[in-house]
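Participant: Quick one: structure below, then a few questions.
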Amino acid sequence: MKRPAWLDDPKRELWFAWYATVAFYSLYSVAFFIITRTQPPGKPWYGPDQVVGWFADRHSGLLVGFALIFVLGGFSATSIALITYSIRRMSVSRAFAYSYLILYAVSAVPGFLFICVAMTVGAMRPERSAELQQWLYDLGFLSFSGTMGVFLVGSLIWMAAILLDQNRVFPRWFAYLNLCNALTEVVIAPSWIFQRGVLAWNGEIAWWMDVVVFGIYTGVFIFLLRKMIRREDFGTGPLPDLPPRRPPHTRPAREAVTS
Amino acid sequence: MTTTEDALEPAPATDGSRMPGEADMWFFVFFESLLFTSYFCVYLYFRTQNEAAFLQAQSHLLPWLGVLDTIVLVTSSWVMARCVQLARAGRHHTAKRFALLTAGLGVVFLALKMVEWVRLIDAGETFTSNDFMQYYFFLTGIHAVHLLIAFVVLGILVYHPVRSATALAGDHRDVRDVLAHDRSLLGGHIRHALHREVT
Amino acid sequence: MKLSAKTRLFAAWFVLVAITLSYLWIDHAANARDMLLASTAVTMAAIGFALVKVRIILREFMDVRHAPPLLRRFTDLLVAIMAVALLGTYIVGKAVAS
């Protein structure tokens with residue numbers, strides 16, 4: 001059997017990481033928004049009995065959806081690793097890459113896994129007291145939203161690295177998009193104070209707008225990471241640009257396609 | 001305004017060929033402006049649902065203080081624009097002084113903002129007092145954060161002489177300039193929206 | 001009369017300050033029997049003035065006047081979007097409230 005071409009591709013690990021990133025974010029969206037329905041978040045002002053109802057509504061979804069996350073959530077590491085790689089490819093100090101890596105790796109625990117644990121525990125024994133269920137509910141949502149500070153610092157690190165970078169790994173406007181993302185994460189902070197209104201953890205400003213910006217940001221960086229891998233020359237100097245796309249009618253009939 | 005000064009300043013390009021700042025920076029201006037506009041729309045919508053309560057809470061603000069704030073910010077924008085003009089004319093030393101003056105006016109603005117906040121908090125009007133105050137502190141707060149970012153940018157402009165001096169065409173200065181104006185743009189937004197008062 | 005760049009900048013600043021000061025005037029002028037109606041007029045006027053100020057800042061202070069046509073059109077579009085969003089939200093909100 002002929003050896004597949006991609007096995008010899010020096011970029012195969014990068015592509016694996018990229019496809020894993022896409023898979024992870026897809027899984028994340030499906031698990032949180034569709035299976036468990038923990039996003040959009042539950043209402044912060046719910047009393048204990050309403051929380052019991054919330055858990056009951058989502059009983060199977062929570063258990064199944066978060067079980068999937070527990071098994072496959074490790075793939076979040078590929079996204080972080082790829083971004084860290086992109087920062088290492090820049091001309092800036094390696095300290096940027098390491099800081100980003102540590103920040104995001106650590107923040108995955110409160111910012112991503114806590115809610116999975118808290119909600120699964122809450123769903124596991126529906127006969128638990130209503131007050132305890134409400135406690136788990138609060139813990140889950142507050143940890144998910146309230147720990148944005150760690151992520152926002154990570155965005156600022158990536159932004160600073162891009163602005164200082166001489167290797168043109170990313171366009172400068174993406175650095176500014178990092179800043180925009182960081183700023184929307186600042187506005188989550190008041191969610192610790194408000195139980196209702198636009199700044200509560202499910203509020204129009206603290207959640208909805210933040211998610212829209214984050215969604216755009218994630219889509220953009222996935223696209224830019226793909227472009228980076230295509231441009232990668234494994235050197236230490238400026239990353240070469242992609243060759244300009246030729247119009248279809250000038251392409252030779254049979255062209256070897258590389259990624 | 002002396003004739004020698006005018007002679008030193010290059011004739012403005014009216015053929016639309018000079019891009020102020022860089023396109024990437026303008027992306028940021030657009031994105032942030034739209035984001036801030038969205039925050040304002042949220043505020044305006046909830047205001048219409050509760051107009052009487054909002055008006056009542058709003059009456060605790062001092063319109064003249066808000067107007068003064070805006071004038072300080074607009075002046076800082078003007079000073080910054082002058083700074084860019086001077087840089088383009090090659091008068092880097094004076095331009096640097098104007099950049100510092102911009103920062104100084106920014107500090108004055110923040111000080112006035114503190115005065116406003118302390119006055120309100122002293123009177124018992126805090127972030128959580130009512131809906132209007134929530135919006136007020138939130139919008140002025142996030143605006144202040146943008147101001148702090150502008151300080152960082154101005155700092156880079158003033159203290160990175162290599163970059164500034166080599167950019168004789170004012171490219172880099174323009175970039176900082178655009179960002180510095182962005183904050184007065186946002187500030188203008190807030191001033192008019194929040195400091196209206198029906199006496 | 002062709003203004004020097006410096007004078008033009010000063011004129012822009014002057015106009016912006018004048019508009020800002022006018023807020024004090026419209027506040028006073030809106031001494032109404034019907035507080036809500038006056039408030040609507042004041043709000044719409046305030047938004048309108050702010051949009052004018054934003055455009056002045058863009059054109060004069062941020063030098064869009066001498067920018068390539070694409071940027072000029074984009075900034076005008078930005079102001080238009082702000083206008084529609086702000087005034088639209090306010091009008092729709094008022095309609096929903098009544």
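Residue names in the structure tokens use chain letters A, B, ... in the order shown, residue numbers from 1 in each chain, and ligand numbers from 1 in the order shown.
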Would you write out, as JSON lines, a table of all residues in chain B that have an atom no more than 8 Å from an atom of chain A, listing for each the closest atom pair and the distance in Å to one decimal, considering only C-alpha atoms and ordering rows by chain and rising residue number?
Facilitator:
```
{"residue": "B:Ala23", "atom": "CA", "partner": "A:Trp173", "partner_atom": "CA", "distance": 7.9}
{"residue": "B:Asp24", "atom": "CA", "partner": "A:Trp173", "partner_atom": "CA", "distance": 4.3}
{"residue": "B:Met25", "atom": "CA", "partner": "A:Trp173", "partner_atom": "CA", "distance": 6.6}
{"residue": "B:Phe27", "atom": "CA", "partner": "A:Trp173", "partner_atom": "CA", "distance": 6.4}
{"residue": "B:Phe28", "atom": "CA", "partner": "A:Tyr176", "partner_atom": "CA", "distance": 5.7}
{"residue": "B:Phe31", "atom": "CA", "partner": "A:Cys180", "partner_atom": "CA", "distance": 7.5}
{"residue": "B:Glu32", "atom": "CA", "partner": "A:Cys180", "partner_atom": "CA", "distance": 6.7}
{"residue": "B:Tyr39", "atom": "CA", "partner": "A:Ile205", "partner_atom": "CA", "distance": 6.8}
{"residue": "B:Val42", "atom": "CA", "partner": "A:Glu204", "partner_atom": "CA", "distance": 7.6}
{"residue": "B:Thr128", "atom": "CA", "partner": "A:Phe194", "partner_atom": "CA", "distance": 7.8}
{"residue": "B:Ile142", "atom": "CA", "partner": "A:Val187", "partner_atom": "CA", "distance": 7.8}
```
Participant: Quick one: everything within 12 Å of segment 221-223 of chain A, counting only C-alpha atoms, minus sequence neighbours fewer than 5 positions away in the same chain. Send it as a ChimeraX atom specification.
Facilitator: /A:15,17-26,78-80,82-83,86,155,158,169-171,173-175,177-178,181,214-216,228-230
Participant: Using only C-alpha atoms, determine which residues lie at most 8 Å from Ala57 of chain B, disregarding the query and same-chain residues fewer than 6 positions distant; provide the list as a PyMOL selection string.
Facilitator: chain B and resi 130+132-133
Participant: Please provide as a list in words all residues within 9 Å of Ala103 of chain B, with the sequence filter that same-chain residues fewer than 3 positions apart are discarded (counting only C-alpha atoms).
Facilitator: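 Once the adjacent positions are removed, what remains is Ser76, Phe98, Ala99, Leu100, Gly106, Val107, Val108, Ala150, Phe151, Leu154 and Gly155 of chain B.
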Participant: Tell me, in Å to one decimal, how far atom CA of Thr94 of chain B is from atom CA of Phe61 of chain C.
Facilitator: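 A separation of 18.0 Å between them.
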Participant: I'd like a table as CSV: residues in chain C with an atom no more than 8 Å from chain B, each row giving the shortest atom pair and its distance in Å to one decimal, only C-alpha atoms counted, sorted by chain and rising residue number.
Facilitator:
```
residue,atom,partner,partner_atom,distance
C:Ser4,CA,B:Asp6,CA,7.1
C:Ala5,CA,B:Pro12,CA,7.3
C:Lys6,CA,B:Arg82,CA,7.3
C:Leu9,CA,B:Trp78,CA,7.0
C:Phe10,CA,B:Trp78,CA,7.5
C:Trp13,CA,B:Trp78,CA,6.3
C:Leu16,CA,B:Val74,CA,7.3
C:Val17,CA,B:Ile71,CA,6.0
C:Thr20,CA,B:Val67,CA,6.2
C:Leu21,CA,B:Val67,CA,6.6
C:Tyr23,CA,B:Arg196,CA,7.2
C:Leu24,CA,B:Pro63,CA,6.8
C:Asp27,CA,B:Val198,CA,5.5
C:His28,CA,B:Thr199,CA,6.2
C:Ala30,CA,B:Val198,CA,6.2
C:Asn31,CA,B:Thr199,CA,6.1
C:Met35,CA,B:Val198,CA,7.4
C:Leu36,CA,B:Ala52,CA,7.5
C:Ala38,CA,B:Val198,CA,7.7
C:Ser39,CA,B:Val198,CA,6.9
C:Val42,CA,B:Arg196,CA,7.4
C:Thr43,CA,B:Ala193,CA,7.2
C:Ala46,CA,B:His192,CA,5.5
C:Ile47,CA,B:His192,CA,6.9
C:Ala50,CA,B:His189,CA,6.1
C:Lys53,CA,B:Gly188,CA,7.4
C:Val54,CA,B:Leu185,CA,5.9
C:Ile57,CA,B:Leu185,CA,7.1
C:Phe61,CA,B:Ala81,CA,5.3
C:Met62,CA,B:Val178,CA,5.8
C:Asp63,CA,B:Pro20,CA,6.1
C:Val64,CA,B:Pro20,CA,6.8
C:Arg65,CA,B:Gly16,CA,7.5
C:His66,CA,B:Gly16,CA,4.6
C:Ala67,CA,B:Gly16,CA,4.6
C:Pro68,CA,B:Gly16,CA,4.4
C:Pro69,CA,B:Gly16,CA,6.5
C:Leu78,CA,B:Phe30,CA,7.1
C:Met82,CA,B:Thr37,CA,6.4
C:Ala85,CA,B:Cys41,CA,6.8
C:Leu86,CA,B:Cys41,CA,5.6
C:Thr89,CA,B:Tyr45,CA,5.9
C:Tyr90,CA,B:Leu44,CA,5.7
C:Val92,CA,B:Tyr45,CA,7.9
C:Gly93,CA,B:Tyr45,CA,5.1
C:Lys94,CA,B:Thr48,CA,5.3
C:Val96,CA,B:Gln49,CA,7.7
C:Ala97,CA,B:Gln49,CA,5.3
```
Participant: Could you pull out the alpha helix (DSSP H) residues of chain C from DSSP and send them as a ChimeraX atom specification?
Facilitator: /C:5-29,35-56,69-97
Participant: For Lys96 of chain B, which residue out of B:Ile156, B:Ala53, B:Leu73, B:Ile121 is the nearest one, using only C-alpha atoms?
Facilitator: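 Among the listed residues, the smallest separation from Lys96 of chain B belongs to B:Ile156.
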Participant: Need to verify the contact set: Asp233 of chain A, 12 Å, only C-alpha atoms, exclusion of same-chain residues closer than 6 positions in sequence. Can you return it as a list in words?
Facilitator: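 That gives Pro10, Lys11, Arg89, Asn167, Val169, Leu239, Pro240, Asp241 and Leu242 of chain A.
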Participant: Have a look at atom CA of Phe114 of chain A and atom CA of Thr147 of chain A and let me know their distance in Å, one decimal.
Facilitator: 10.6 Å
Participant: Calculate how many Å separate atom CA of Ser191 of chain A from atom CA of Ala160 of chain A, rounding to one decimal.
Facilitator: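 Going from atom CA of Ser191 of chain A over to atom CA of Ala160 of chain A, I get 27.3 Å.
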